[in-house]
file my_file_0.txt (compact mmCIF, C-alpha atoms)
# COMPACT_ATOMS: atom_id res chain seq x y z
CA MET M 62 -25.77 -1.63 158.84
CA ASP M 63 -26.84 1.63 157.18
CA THR M 64 -24.44 4.52 157.40
CA ALA M 65 -25.75 7.59 159.19
CA LYS M 66 -25.76 10.88 157.33
CA ILE M 67 -23.62 13.35 159.21
CA VAL M 68 -24.96 16.82 160.01
CA ASP M 69 -22.00 18.83 161.27
CA ALA M 70 -23.48 21.57 163.45
CA ARG M 71 -20.45 22.18 165.64
CA GLY M 72 -20.11 25.85 166.53
CA SER M 73 -23.67 26.56 165.43
CA TYR M 74 -25.36 28.97 167.80
CA CYS M 75 -27.92 30.15 165.29
CA PRO M 76 -29.83 28.39 163.77
CA GLY M 77 -28.36 25.76 166.09
CA PRO M 78 -28.00 21.97 165.99
CA LEU M 79 -31.67 21.07 166.46
CA MET M 80 -32.75 23.38 163.65
CA GLU M 81 -30.06 21.83 161.44
CA LEU M 82 -31.46 18.39 162.25
CA ILE M 83 -35.01 19.50 161.41
CA LYS M 84 -33.75 21.02 158.16
CA GLY M 85 -32.02 17.78 157.22
CA ILE M 86 -34.57 15.23 158.32
CA ARG M 87 -37.50 16.80 156.49
CA ARG M 88 -35.95 15.94 153.13
CA GLU M 89 -34.82 12.40 153.92
CA ALA M 90 -36.64 9.14 153.26
CA ILE M 91 -38.28 7.33 156.16
CA GLY M 92 -35.77 5.00 157.74
CA THR M 93 -32.79 7.31 157.17
CA THR M 94 -30.55 7.88 160.17
CA LEU M 95 -28.97 11.29 160.73
CA GLU M 96 -26.08 11.85 163.11
CA ILE M 97 -25.96 15.40 164.38
CA TRP M 98 -22.63 16.75 165.68
CA SER M 99 -22.99 19.51 168.23
CA SER M 100 -20.68 21.44 170.54
CA ASP M 101 -23.68 22.56 172.59
CA ARG M 102 -24.39 20.54 175.72
CA GLY M 103 -28.08 21.45 175.43
CA SER M 104 -28.34 19.31 172.29
CA ALA M 105 -28.15 16.13 174.38
CA LYS M 106 -31.46 17.17 175.90
CA ASP M 107 -33.37 19.13 173.28
CA ILE M 108 -32.72 16.84 170.29
CA PRO M 109 -34.12 13.71 172.01
CA GLU M 110 -37.05 15.79 173.31
CA TRP M 111 -37.91 17.03 169.81
CA ALA M 112 -37.42 13.57 168.27
CA ALA M 113 -39.96 12.15 170.73
CA ARG M 114 -42.49 14.92 170.02
CA ALA M 115 -42.05 14.58 166.26
CA GLY M 116 -42.34 10.80 166.32
CA HIS M 117 -38.77 10.01 165.29
CA GLU M 118 -36.53 7.42 166.92
CA LEU M 119 -33.51 8.30 169.04
CA VAL M 120 -30.84 5.75 168.08
CA SER M 121 -27.91 6.86 170.24
CA SER M 122 -26.39 9.80 172.09
CA THR M 123 -22.69 10.01 172.94
CA GLU M 124 -20.19 12.66 173.99
CA GLU M 125 -16.47 12.78 173.37
CA ASP M 126 -14.15 15.72 174.01
CA GLY M 127 -17.08 18.13 174.24
CA ILE M 128 -18.66 17.04 170.95
CA TYR M 129 -22.11 15.48 171.23
CA LYS M 130 -23.06 12.96 168.55
CA ILE M 131 -26.75 12.12 168.48
CA GLN M 132 -28.31 9.72 165.99
CA VAL M 133 -31.98 10.06 165.06
CA ARG M 134 -33.84 7.77 162.64
CA LYS M 135 -36.65 9.27 160.62
CA ALA M 136 -39.73 7.24 161.50
CA ARG M 137 -42.61 9.09 159.75
CA MET V 236 -5.86 36.75 131.37
CA LYS V 237 -7.22 35.39 134.65
CA ARG V 238 -10.98 35.18 134.83
CA VAL V 239 -13.09 35.37 137.98
CA VAL V 240 -16.77 34.59 137.54
CA ILE V 241 -19.21 35.43 140.33
CA LEU V 242 -22.52 33.63 140.03
CA GLY V 243 -25.12 35.82 141.74
CA GLY V 244 -25.60 39.57 142.01
CA GLY V 245 -27.01 39.70 145.52
CA THR V 246 -25.27 40.91 148.67
CA GLY V 247 -22.44 38.36 148.73
CA GLY V 248 -21.60 38.35 145.03
CA THR V 249 -21.74 42.11 144.68
CA ILE V 250 -19.52 42.75 147.71
CA VAL V 251 -16.95 40.18 146.54
CA ALA V 252 -16.83 41.76 143.08
CA ASN V 253 -16.50 45.34 144.30
CA GLN V 254 -13.95 44.47 146.97
CA MET V 255 -11.80 42.65 144.42
CA VAL V 256 -11.90 45.57 142.02
CA ARG V 257 -10.68 47.92 144.72
CA GLN V 258 -7.53 45.81 144.99
CA LEU V 259 -7.10 44.87 141.32
CA ARG V 260 -7.83 48.08 139.43
CA GLN V 261 -4.48 48.17 137.67
CA ASP V 262 -4.58 44.48 136.73
CA ILE V 263 -8.08 44.87 135.31
CA ASP V 264 -7.21 48.02 133.40
CA ALA V 265 -4.14 46.23 131.99
CA GLY V 266 -6.30 43.33 130.81
CA ALA V 267 -4.62 40.82 133.12
CA VAL V 268 -7.75 40.10 135.17
CA GLU V 269 -11.44 40.07 134.28
CA ILE V 270 -14.22 39.99 136.87
CA THR V 271 -17.67 38.93 135.67
CA VAL V 272 -20.87 38.98 137.71
CA VAL V 273 -23.76 36.84 136.46
CA SER V 274 -27.15 38.04 137.68
CA ASN V 275 -30.62 36.88 136.72
CA THR V 276 -32.21 40.15 137.81
CA GLU V 277 -31.62 43.72 136.71
CA GLN V 278 -32.27 45.18 140.15
CA HIS V 279 -30.23 44.79 143.31
CA VAL V 280 -32.66 44.57 146.22
CA TYR V 281 -31.95 45.28 149.88
CA GLN V 282 -34.12 42.49 151.20
CA PRO V 283 -34.44 43.55 154.87
CA SER V 284 -36.63 46.41 153.66
CA PHE V 285 -39.48 43.98 153.00
CA LEU V 286 -40.21 43.84 156.73
CA TYR V 287 -40.78 47.61 156.70
CA VAL V 288 -42.78 47.41 153.46
CA ALA V 289 -45.24 45.09 155.19
CA PHE V 290 -45.86 47.71 157.87
CA ASP V 291 -46.19 50.48 155.26
CA LEU V 292 -43.06 52.19 156.61
CA THR V 293 -41.21 52.21 153.31
CA ALA V 294 -41.86 51.50 149.64
CA PRO V 295 -40.15 48.79 147.58
CA SER V 296 -38.58 51.41 145.31
CA ASP V 297 -36.65 52.80 148.29
CA ALA V 298 -34.62 49.60 148.55
CA LYS V 299 -33.51 48.71 145.05
CA ARG V 300 -31.03 50.02 142.55
CA PRO V 301 -29.88 48.75 139.17
CA GLU V 302 -27.14 46.17 139.70
CA ARG V 303 -25.14 47.90 136.96
CA GLN V 304 -25.01 51.04 139.11
CA VAL V 305 -24.04 49.13 142.26
CA LEU V 306 -21.12 47.37 140.55
CA ASP V 307 -17.88 49.15 139.75
CA ARG V 308 -17.73 50.02 136.05
CA ARG V 309 -14.70 47.74 135.64
CA ILE V 310 -16.85 44.69 136.40
CA ARG V 311 -18.47 42.90 133.50
CA LEU V 312 -22.15 42.22 134.22
CA VAL V 313 -23.87 39.37 132.40
CA GLN V 314 -27.61 39.49 132.89
CA GLY V 315 -29.32 36.20 132.27
CA GLU V 316 -30.06 32.77 133.67
CA ALA V 317 -27.21 30.36 134.29
CA ASP V 318 -28.12 26.85 133.26
CA ARG V 319 -25.35 25.11 135.16
CA VAL V 320 -21.89 25.17 136.61
CA ASP V 321 -19.44 22.71 135.08
CA PRO V 322 -16.53 22.39 137.54
CA ARG V 323 -14.68 19.90 135.31
CA GLU V 324 -14.69 22.30 132.37
CA HIS V 325 -14.17 25.27 134.72
CA ALA V 326 -17.07 27.12 133.14
CA VAL V 327 -20.53 28.49 133.83
CA VAL V 328 -22.95 27.56 131.06
CA MET V 329 -25.70 30.09 130.44
CA SER V 330 -29.22 29.07 129.37
CA ASP V 331 -28.52 30.41 125.88
CA GLY V 332 -25.51 28.10 125.62
CA VAL V 333 -22.85 30.76 126.11
CA GLN V 334 -19.96 29.49 128.21
CA LEU V 335 -18.19 31.66 130.75
CA PRO V 336 -14.82 30.06 131.54
CA TYR V 337 -13.26 30.79 134.91
CA ASP V 338 -10.01 30.44 136.81
CA PHE V 339 -11.92 31.12 140.02
CA LEU V 340 -15.68 30.79 140.50
CA VAL V 341 -17.68 32.31 143.35
CA ILE V 342 -21.09 30.76 143.95
CA ALA V 343 -23.28 33.40 145.53
CA THR V 344 -26.66 32.20 144.34
CA GLY V 345 -28.44 32.69 147.67
CA SER V 346 -31.70 31.01 148.56
CA ARG V 347 -35.36 31.45 147.79
CA PRO V 348 -38.45 31.31 149.99
CA ALA V 349 -40.41 28.13 149.32
CA PRO V 350 -43.86 28.43 150.92
CA GLU V 351 -44.98 25.59 148.63
CA GLU V 352 -42.96 23.23 150.83
CA ILE V 353 -45.74 23.44 153.43
CA GLU V 354 -49.08 22.24 152.12
CA GLY V 355 -51.66 25.04 151.95
CA LEU V 356 -49.29 27.77 153.10
CA ALA V 357 -49.07 29.61 149.77
CA GLU V 358 -52.89 29.78 149.66
CA GLY V 359 -53.60 30.39 153.33
CA GLY V 360 -50.69 32.41 154.60
CA HIS V 361 -48.70 35.57 154.04
CA HIS V 362 -44.99 36.30 154.18
CA PHE V 363 -42.61 39.24 153.80
CA TYR V 364 -39.73 37.58 151.97
CA THR V 365 -40.41 38.93 148.48
CA GLU V 366 -41.65 42.29 147.26
CA GLU V 367 -44.89 40.69 146.10
CA GLY V 368 -45.36 38.90 149.42
CA ALA V 369 -44.63 42.01 151.47
CA LEU V 370 -47.10 44.09 149.46
CA LYS V 371 -49.82 41.46 149.87
CA LEU V 372 -49.16 41.34 153.60
CA ARG V 373 -49.26 45.14 153.73
CA GLU V 374 -52.77 45.07 152.24
CA ALA V 375 -53.87 42.27 154.57
CA LEU V 376 -52.67 44.26 157.58
CA GLN V 377 -54.37 47.41 156.31
CA SER V 378 -57.71 45.61 156.13
CA PHE V 379 -57.21 43.68 159.38
CA THR V 380 -59.90 44.65 161.90
CA GLY V 381 -58.80 42.48 164.80
CA GLY V 382 -58.59 38.76 165.53
CA ARG V 383 -55.98 36.08 165.92
CA VAL V 384 -52.66 36.50 164.13
CA VAL V 385 -50.50 33.37 164.07
CA LEU V 386 -46.84 33.48 163.07
CA VAL V 387 -45.26 30.22 161.92
CA VAL V 388 -41.63 29.53 161.07
CA GLY V 389 -40.33 27.16 158.39
CA VAL V 390 -36.87 25.57 158.40
CA PRO V 391 -34.37 26.64 157.21
CA HIS V 392 -35.10 30.33 156.89
CA LYS V 393 -33.34 33.55 156.12
CA CYS V 394 -32.77 36.17 158.83
CA PRO V 395 -33.21 34.25 162.08
CA VAL V 396 -34.37 37.30 164.03
CA ALA V 397 -37.17 38.12 161.57
CA PRO V 398 -39.81 36.05 163.42
CA LEU V 399 -39.21 38.06 166.59
CA GLU V 400 -38.96 41.38 164.81
CA PHE V 401 -42.21 40.87 162.94
CA THR V 402 -44.02 39.77 166.09
CA LEU V 403 -42.82 42.69 168.22
CA MET V 404 -43.40 45.25 165.49
CA LEU V 405 -46.87 43.81 164.86
CA HIS V 406 -47.70 44.23 168.54
CA ASP V 407 -46.80 47.92 168.35
CA TRP V 408 -48.58 48.37 165.04
CA LEU V 409 -51.85 46.83 166.28
CA ALA V 410 -51.72 48.89 169.48
CA ALA V 411 -51.18 52.11 167.52
CA ARG V 412 -54.27 51.37 165.44
CA GLY V 413 -56.38 50.62 168.49
CA LEU V 414 -56.59 46.93 167.58
CA GLY V 415 -54.60 45.63 170.53
CA PRO V 416 -57.58 44.73 172.76
CA SER V 417 -59.43 42.95 169.95
CA SER V 418 -56.36 41.03 168.71
CA GLN V 419 -54.24 38.15 169.87
CA ILE V 420 -50.73 37.43 168.62
CA VAL V 421 -49.63 33.80 168.64
CA TYR V 422 -45.90 33.24 168.08
CA THR V 423 -44.67 29.75 167.23
CA TYR V 424 -41.13 28.41 166.91
CA PRO V 425 -39.69 25.09 165.68
CA ILE V 426 -37.53 24.22 168.71
CA GLY V 427 -37.98 24.11 172.47
CA ARG V 428 -37.55 27.82 173.20
CA PRO V 429 -38.70 30.99 171.44
CA HIS V 430 -35.40 31.55 169.62
CA SER V 431 -32.35 29.51 168.60
CA LEU V 432 -30.09 31.70 170.73
CA GLU V 433 -30.51 31.00 174.42
CA GLY V 434 -29.72 34.59 175.43
CA VAL V 435 -32.29 35.97 172.99
CA SER V 436 -34.85 33.46 174.27
CA ASP V 437 -34.23 34.48 177.87
CA TRP V 438 -34.61 38.10 176.88
CA VAL V 439 -37.80 37.70 174.85
CA LYS V 440 -39.79 35.48 177.23
CA PRO V 441 -40.62 38.29 179.70
CA VAL V 442 -41.09 40.71 176.79
CA PHE V 443 -43.75 38.41 175.31
CA GLU V 444 -45.36 38.02 178.72
CA ALA V 445 -45.48 41.77 179.32
CA ARG V 446 -47.01 42.37 175.88
CA GLY V 447 -49.52 39.50 176.12
CA ILE V 448 -48.01 37.56 173.20
CA ASP V 449 -48.81 33.85 173.29
CA SER V 450 -45.84 31.58 172.54
CA HIS V 451 -45.96 27.96 171.29
CA ILE V 452 -42.68 26.05 171.04
CA PHE V 453 -41.82 22.81 169.19
CA PHE V 454 -44.14 23.91 166.38
CA ASN V 455 -43.01 22.97 162.85
CA PRO V 456 -45.81 23.92 160.44
CA GLU V 457 -46.78 20.98 158.24
CA LEU V 458 -50.29 21.65 156.96
CA VAL V 459 -52.37 24.79 156.46
CA ASP V 460 -56.11 24.53 155.88
CA PRO V 461 -57.07 27.88 154.32
CA VAL V 462 -60.80 27.07 154.44
CA ALA V 463 -60.91 26.12 158.08
CA GLY V 464 -58.29 28.74 158.97
CA THR V 465 -56.03 26.33 160.81
CA VAL V 466 -52.35 25.42 160.79
CA THR V 467 -51.14 22.05 162.08
CA SER V 468 -47.61 21.21 163.17
CA LEU V 469 -45.77 17.97 162.52
CA GLU V 470 -45.70 17.64 166.31
CA GLY V 471 -49.51 17.33 166.16
CA GLU V 472 -50.73 20.72 167.41
CA THR V 473 -53.44 22.65 165.53
CA LEU V 474 -53.95 26.41 165.86
CA SER V 475 -56.75 28.49 164.38
CA TYR V 476 -55.99 31.85 162.81
CA ASP V 477 -57.64 34.90 161.31
CA LEU V 478 -54.38 36.05 159.74
CA LEU V 479 -51.49 33.65 159.15
CA VAL V 480 -48.00 35.05 158.63
CA ALA V 481 -45.10 32.75 157.87
CA VAL V 482 -41.38 32.94 157.83
CA PRO V 483 -41.31 30.43 154.99
CA PRO V 484 -38.85 27.59 154.61
CA HIS V 485 -36.08 28.33 152.13
CA VAL V 486 -34.31 26.21 149.53
CA GLY V 487 -31.15 26.67 147.49
CA GLN V 488 -31.44 27.69 143.86
CA GLU V 489 -32.32 25.40 140.97
CA VAL V 490 -29.03 26.11 139.18
CA ILE V 491 -27.30 24.27 142.03
CA ALA V 492 -29.54 21.25 141.48
CA ARG V 493 -29.07 21.37 137.69
CA SER V 494 -25.31 21.42 138.26
CA GLY V 495 -25.45 18.45 140.63
CA LEU V 496 -23.54 20.42 143.25
CA GLY V 497 -25.98 20.56 146.15
CA ASP V 498 -27.49 18.36 148.84
CA SER V 499 -31.20 17.53 148.99
CA GLY V 500 -32.06 21.17 149.76
CA ASN V 501 -29.77 22.51 146.99
CA TRP V 502 -27.23 23.77 149.56
CA VAL V 503 -23.62 23.55 148.42
CA PRO V 504 -21.26 21.53 150.66
CA THR V 505 -18.68 24.10 151.75
CA ASP V 506 -15.58 24.09 153.94
CA ARG V 507 -16.54 26.14 157.00
CA HIS V 508 -13.23 28.01 157.19
CA SER V 509 -11.80 28.29 153.67
CA LEU V 510 -15.28 28.66 152.07
CA LEU V 511 -14.09 26.48 149.19
CA MET V 512 -16.69 24.13 147.76
CA GLN V 513 -15.76 20.71 149.11
CA GLY V 514 -13.59 18.77 146.69
CA THR V 515 -12.43 21.82 144.73
CA ASP V 516 -9.71 24.43 145.02
CA ASP V 517 -11.06 27.02 142.60
CA VAL V 518 -14.73 27.33 143.59
CA TYR V 519 -15.71 29.48 146.58
CA VAL V 520 -19.20 29.57 148.08
CA LEU V 521 -20.71 32.20 150.34
CA GLY V 522 -23.93 33.53 151.79
CA ASP V 523 -27.16 31.56 151.83
CA ALA V 524 -25.90 29.16 149.15
CA THR V 525 -23.63 27.21 151.53
CA ASN V 526 -24.65 24.23 153.64
CA LEU V 527 -22.94 25.75 156.70
CA PRO V 528 -24.85 25.67 159.99
CA ILE V 529 -24.85 29.42 160.42
CA SER V 530 -27.38 32.20 160.01
CA LYS V 531 -28.61 32.97 156.53
CA ALA V 532 -28.18 36.73 156.79
CA GLY V 533 -26.66 39.62 154.87
CA SER V 534 -23.97 40.11 157.50
CA THR V 535 -22.89 36.48 157.11
CA ALA V 536 -22.44 37.01 153.37
CA HIS V 537 -20.58 40.27 154.04
CA PHE V 538 -18.08 38.75 156.49
CA GLN V 539 -17.59 35.78 154.17
CA ALA V 540 -17.08 38.14 151.22
CA ASP V 541 -14.10 39.66 153.04
CA VAL V 542 -12.50 36.19 153.14
CA VAL V 543 -13.40 35.12 149.60
CA ALA V 544 -12.36 38.39 147.93
CA GLY V 545 -9.14 38.57 149.96
CA ASN V 546 -8.16 34.99 149.17
CA ILE V 547 -8.85 35.19 145.44
CA VAL V 548 -6.90 38.45 145.15
CA GLN V 549 -4.01 36.92 147.06
CA ARG V 550 -4.02 33.79 144.89
CA LEU V 551 -4.14 35.87 141.70
CA ARG V 552 -0.96 37.50 143.00
CA GLY V 553 0.77 34.18 143.51
CA GLY V 554 -0.08 33.68 147.19
CA HIS V 555 -2.01 30.89 148.86
CA GLY V 556 -5.13 32.66 150.14
CA SER V 557 -4.82 31.98 153.85
CA LEU V 558 -7.71 34.01 155.26
CA ARG V 559 -10.17 31.88 157.23
CA TYR V 560 -13.84 32.57 157.99
CA ASP V 561 -14.47 32.35 161.75
CA GLY V 562 -18.25 32.04 161.59
CA LYS V 563 -18.92 35.68 162.40
CA VAL V 564 -22.52 36.90 162.21
CA PHE V 565 -24.00 40.26 163.24
CA CYS V 566 -27.73 40.97 163.40
CA PHE V 567 -29.75 43.95 164.47
CA ILE V 568 -33.03 43.05 166.19
CA GLU V 569 -35.93 45.49 166.00
CA THR V 570 -37.66 45.12 169.39
CA SER V 571 -40.54 47.49 168.61
CA LEU V 572 -41.26 50.25 166.10
CA ARG V 573 -38.93 52.53 168.11
CA LYS V 574 -36.24 50.39 169.73
CA ALA V 575 -33.66 47.83 168.64
CA THR V 576 -30.80 45.71 169.93
CA TYR V 577 -28.15 43.55 168.26
CA ILE V 578 -26.28 40.26 168.59
CA THR V 579 -22.94 39.11 167.27
CA PHE V 580 -21.28 35.69 167.50
CA ASP V 581 -19.00 33.26 165.70
CA TYR V 582 -18.13 29.54 165.73
CA GLN V 583 -16.39 29.88 169.08
CA ARG V 584 -18.17 32.68 170.92
CA PRO V 585 -21.89 32.70 171.75
CA PRO V 586 -23.73 36.02 171.59
CA GLN V 587 -24.12 38.25 174.62
CA PRO V 588 -27.48 40.06 174.81
CA VAL V 589 -27.34 43.83 174.62
CA VAL V 590 -29.96 46.13 176.18
CA SER V 591 -32.31 47.48 173.51
CA GLY V 592 -32.61 51.20 172.92
CA SER V 593 -33.81 53.90 170.56
CA LEU V 594 -30.28 54.81 169.42
CA LEU V 595 -29.74 51.29 168.05
CA HIS V 596 -33.06 51.53 166.24
CA LEU V 597 -31.92 54.77 164.60
CA TYR V 598 -28.62 53.13 163.67
CA LYS V 599 -30.51 50.23 162.10
CA LEU V 600 -32.59 52.70 160.06
CA ALA V 601 -29.38 54.46 159.04
CA PHE V 602 -27.81 51.16 158.02
CA ASN V 603 -30.77 50.50 155.74
CA HIS V 604 -29.31 53.36 153.68
CA MET V 605 -25.63 52.71 154.42
CA TYR V 606 -26.08 49.20 153.00
CA TRP V 607 -25.23 50.57 149.57
CA LEU V 608 -21.77 51.45 150.84
CA SER V 609 -21.32 47.84 151.95
CA ALA V 610 -22.46 46.57 148.56
CA ALA V 611 -19.97 48.95 146.95
CA GLY V 612 -17.20 47.27 148.93
CA ILE V 613 -16.46 50.44 150.88
CA LEU V 614 -18.00 49.84 154.33

call {"tool": "encode", "arguments": {"input": "my_file_0.txt", "output": "structure tokens"}}
result
Amino acid sequence: MDTAKIVDARGSYCPGPLMELIKGIRREAIGTTLEIWSSDRGSAKDIPEWAARAGHELVSSTEEDGIYKIQVRKAR
Amino acid sequence: MKRVVILGGGTGGTIVANQMVRQLRQDIDAGAVEITVVSNTEQHVYQPSFLYVAFDLTAPSDAKRPERQVLDRRIRLVQGEADRVDPREHAVVMSDGVQLPYDFLVIATGSRPAPEEIEGLAEGGHHFYTEEGALKLREALQSFTGGRVVLVVGVPHKCPVAPLEFTLMLHDWLAARGLGPSSQIVYTYPIGRPHSLEGVSDWVKPVFEARGIDSHIFFNPELVDPVAGTVTSLEGETLSYDLLVAVPPHVGQEVIARSGLGDSGNWVPTDRHSLLMQGTDDVYVLGDATNLPISKAGSTAHFQADVVAGNIVQRLRGGHGSLRYDGKVFCFIETSLRKATYITFDYQRPPQPVVSGSLLHLYKLAFNHMYWLSAAGIL
């Protein structure tokens, strides 16, 4: 199984976790999985929403001790 | 002799150098410490002025001074291009082969706008992130006779409030020239609300509505067609424009890539609290050059400079360097040509919106001049 590339965006209010994901995913090869770490509850909603709009695949979304870990695979 | 080399003569590097000198004057005069700044430009530029240049409110010459004059005379300034950093040899290698050995290195190389990252943008769009770009936009605005202005935002970008400031100032500027009724402003933003910060988004939504500014969210510009006058997002939306203005995506500097120190965007992996480059104990990184998930802004570099300068000074004196960066950022936001507000936040505390007013706008204008005191390590 491929290892996900971690994007640690905990404590990021601006630019924020979703922007950090967009920044990271643009430069990755198709098929790469990024795991975004966020302390913002809103990430559990807005990251999957953007992934769907942008045509990327939501792999998983979990929460532990207030840290949201969301995996997105670059699909295009 | 202990040598500190600071790679980059922008906001972060200059503040670190000047702050250190203020605490190490005697050591430097005695020849025990040497501080060297490496800069590839002769001029120190206060970059926020470019926004005002675009609106013909100031001239580029108002916002630059020779770096030699900004630095304390005790600081050695090496003007030239660094080829690479060699952490194993503890040296910066210049393009002419000269080696600058260091006991501590500060990477303050910043970022650069990269409109070429979006196909067609350099040909079809304008920006205000360089002097040349701001002057070209100034001329485009001067000859603008009405139509559709579209603002697009690349990721990542410097100064996260710039998209809003430009949009709101443009609204005022068009109205003052009688072009309001014949113009439409279309604001776009990469994520699902008009700004990263929820409080700023909540504040700006009714402001946009009251001023008739059209807002499109989830819009990441991917392709500009300068002939057709359209910009298409990777989410699949196409907008037509008469004037396209971009907050361009940014990348880290080439010297980071040549040194093999950065990630795919040339950002340097950095510890978020100590500001040490990951895997080292003698290389600090600050400002735009880091890979940290915080705003690329002058205030970020300034607050980080306090930590970096303080820790290096303490370590030169035999201490450990225990200061920690808490993620603090402070940004003014121009909300029109006459009013402003501000936000401040850190890793733990989200920003609280502040009511905008004319006094804050005047303070922002005053800071545009007081900046030189910050660069001098005084303010």

call {"tool": "closest_atom_pairs", "arguments": {"input": "my_file_0.txt", "of": "chain V", "to": "chain M", "cutoff": "8 Å", "atoms": "all atoms listed in the file", "output": "CSV"}}
result
residue,atom,partner,partner_atom,distance
V:Val390,CA,M:Lys84,CA,5.5
V:Pro391,CA,M:Lys84,CA,5.7
V:Pro395,CA,M:Pro76,CA,7.0
V:Pro425,CA,M:Met80,CA,7.4
V:Ile426,CA,M:Met80,CA,7.0
V:Gly427,CA,M:Asp107,CA,6.8
V:Ser431,CA,M:Pro76,CA,5.6
V:Leu432,CA,M:Cys75,CA,6.1
V:Phe453,CA,M:Trp111,CA,7.0
V:Leu469,CA,M:Ala115,CA,6.3
V:Glu470,CA,M:Ala115,CA,4.8
V:Gly471,CA,M:Ala115,CA,8.0
V:Ser499,CA,M:Arg88,CA,6.5
V:Gly500,CA,M:Arg88,CA,7.3
V:Leu527,CA,M:Ala70,CA,8.0
V:Pro528,CA,M:Ala70,CA,5.5
V:Ile529,CA,M:Cys75,CA,5.8
V:Ser530,CA,M:Cys75,CA,5.7
V:Phe580,CA,M:Tyr74,CA,7.9
V:Asp581,CA,M:Gly72,CA,7.5
V:Tyr582,CA,M:Gly72,CA,4.3
V:Gln583,CA,M:Gly72,CA,6.0
V:Pro585,CA,M:Tyr74,CA,6.4

call {"tool": "atom_distance", "arguments": {"input": "my_file_0.txt", "atom1": "CA of Ala492 in chain V", "atom2": "CA of Gln132 in chain M"}}
result
27.1 Å

call {"tool": "atom_distance", "arguments": {"input": "my_file_0.txt", "atom1": "CA of Thr505 in chain V", "atom2": "CA of Tyr560 in chain V"}}
result
11.6 Å

call {"tool": "closest_residue", "arguments": {"input": "my_file_0.txt", "among": "V:Pro295, V:Pro461, V:Gly243, V:Gly497", "to": "Ala369 in chain V", "atoms": "only C-alpha atoms"}}
result
V:Pro295

call {"tool": "closest_residue", "arguments": {"input": "my_file_0.txt", "among": "V:Val272, V:Val439, V:Ile568, V:Val288", "to": "Arg303 in chain V", "atoms": "only C-alpha atoms"}}
result
V:Val272

call {"tool": "atom_distance", "arguments": {"input": "my_file_0.txt", "atom1": "CA of Val387 in chain V", "atom2": "CA of His362 in chain V"}}
result
9.8 Å

call {"tool": "residues_around", "arguments": {"input": "my_file_0.txt", "residues": "Glu457 in chain V", "least_positions_apart": "6", "cutoff": "8 Å", "atoms": "only C-alpha atoms", "output": "PyMOL selection string"}}
result
chain V and resi 353-354+466-469

call {"tool": "residues_around", "arguments": {"input": "my_file_0.txt", "residues": "Ala326 in chain V", "least_positions_apart": "5", "cutoff": "10 Å", "atoms": "all atoms listed in the file", "output": "list in words"}}
result
Val240, Arg319, Val320, Asp321, Val333, Gln334, Leu335, Pro336, Tyr337, Asp338, Phe339 and Leu340 of chain V

call {"tool": "residues_around", "arguments": {"input": "my_file_0.txt", "residues": "Val589 in chain V", "least_positions_apart": "2", "cutoff": "7 Å", "atoms": "only C-alpha atoms", "output": "count of residues only"}}
result
4

call {"tool": "build_atoms", "arguments": {"input": "my_file_0.txt", "residues": "range 263-270 of chain V", "atoms": "N, CA, C and O atoms", "output": "compact mmCIF listing (two decimals), in the coordinates of the input"}}
result
# COMPACT_ATOMS: atom_id res chain seq x y z
N ILE V 263 -6.90 44.90 136.19
CA ILE V 263 -8.08 44.87 135.31
C ILE V 263 -7.88 45.84 134.14
O ILE V 263 -8.11 45.49 132.98
N ASP V 264 -7.42 47.03 134.47
CA ASP V 264 -7.21 48.02 133.40
C ASP V 264 -6.15 47.55 132.40
O ASP V 264 -6.21 47.88 131.22
N ALA V 265 -5.20 46.74 132.88
CA ALA V 265 -4.14 46.23 131.99
C ALA V 265 -4.58 44.99 131.22
O ALA V 265 -3.82 44.45 130.42
N GLY V 266 -5.80 44.50 131.51
CA GLY V 266 -6.30 43.33 130.81
C GLY V 266 -5.77 42.01 131.35
O GLY V 266 -5.91 40.97 130.71
N ALA V 267 -5.18 42.05 132.55
CA ALA V 267 -4.62 40.82 133.12
C ALA V 267 -5.67 40.04 133.91
O ALA V 267 -5.52 38.84 134.14
N VAL V 268 -6.69 40.74 134.37
CA VAL V 268 -7.75 40.10 135.17
C VAL V 268 -9.10 40.60 134.66
O VAL V 268 -9.24 41.77 134.32
N GLU V 269 -10.06 39.68 134.62
CA GLU V 269 -11.44 40.07 134.28
C GLU V 269 -12.36 39.53 135.38
O GLU V 269 -12.27 38.37 135.76
N ILE V 270 -13.24 40.41 135.86
CA ILE V 270 -14.22 39.99 136.87
C ILE V 270 -15.60 40.10 136.24
O ILE V 270 -16.00 41.15 135.74
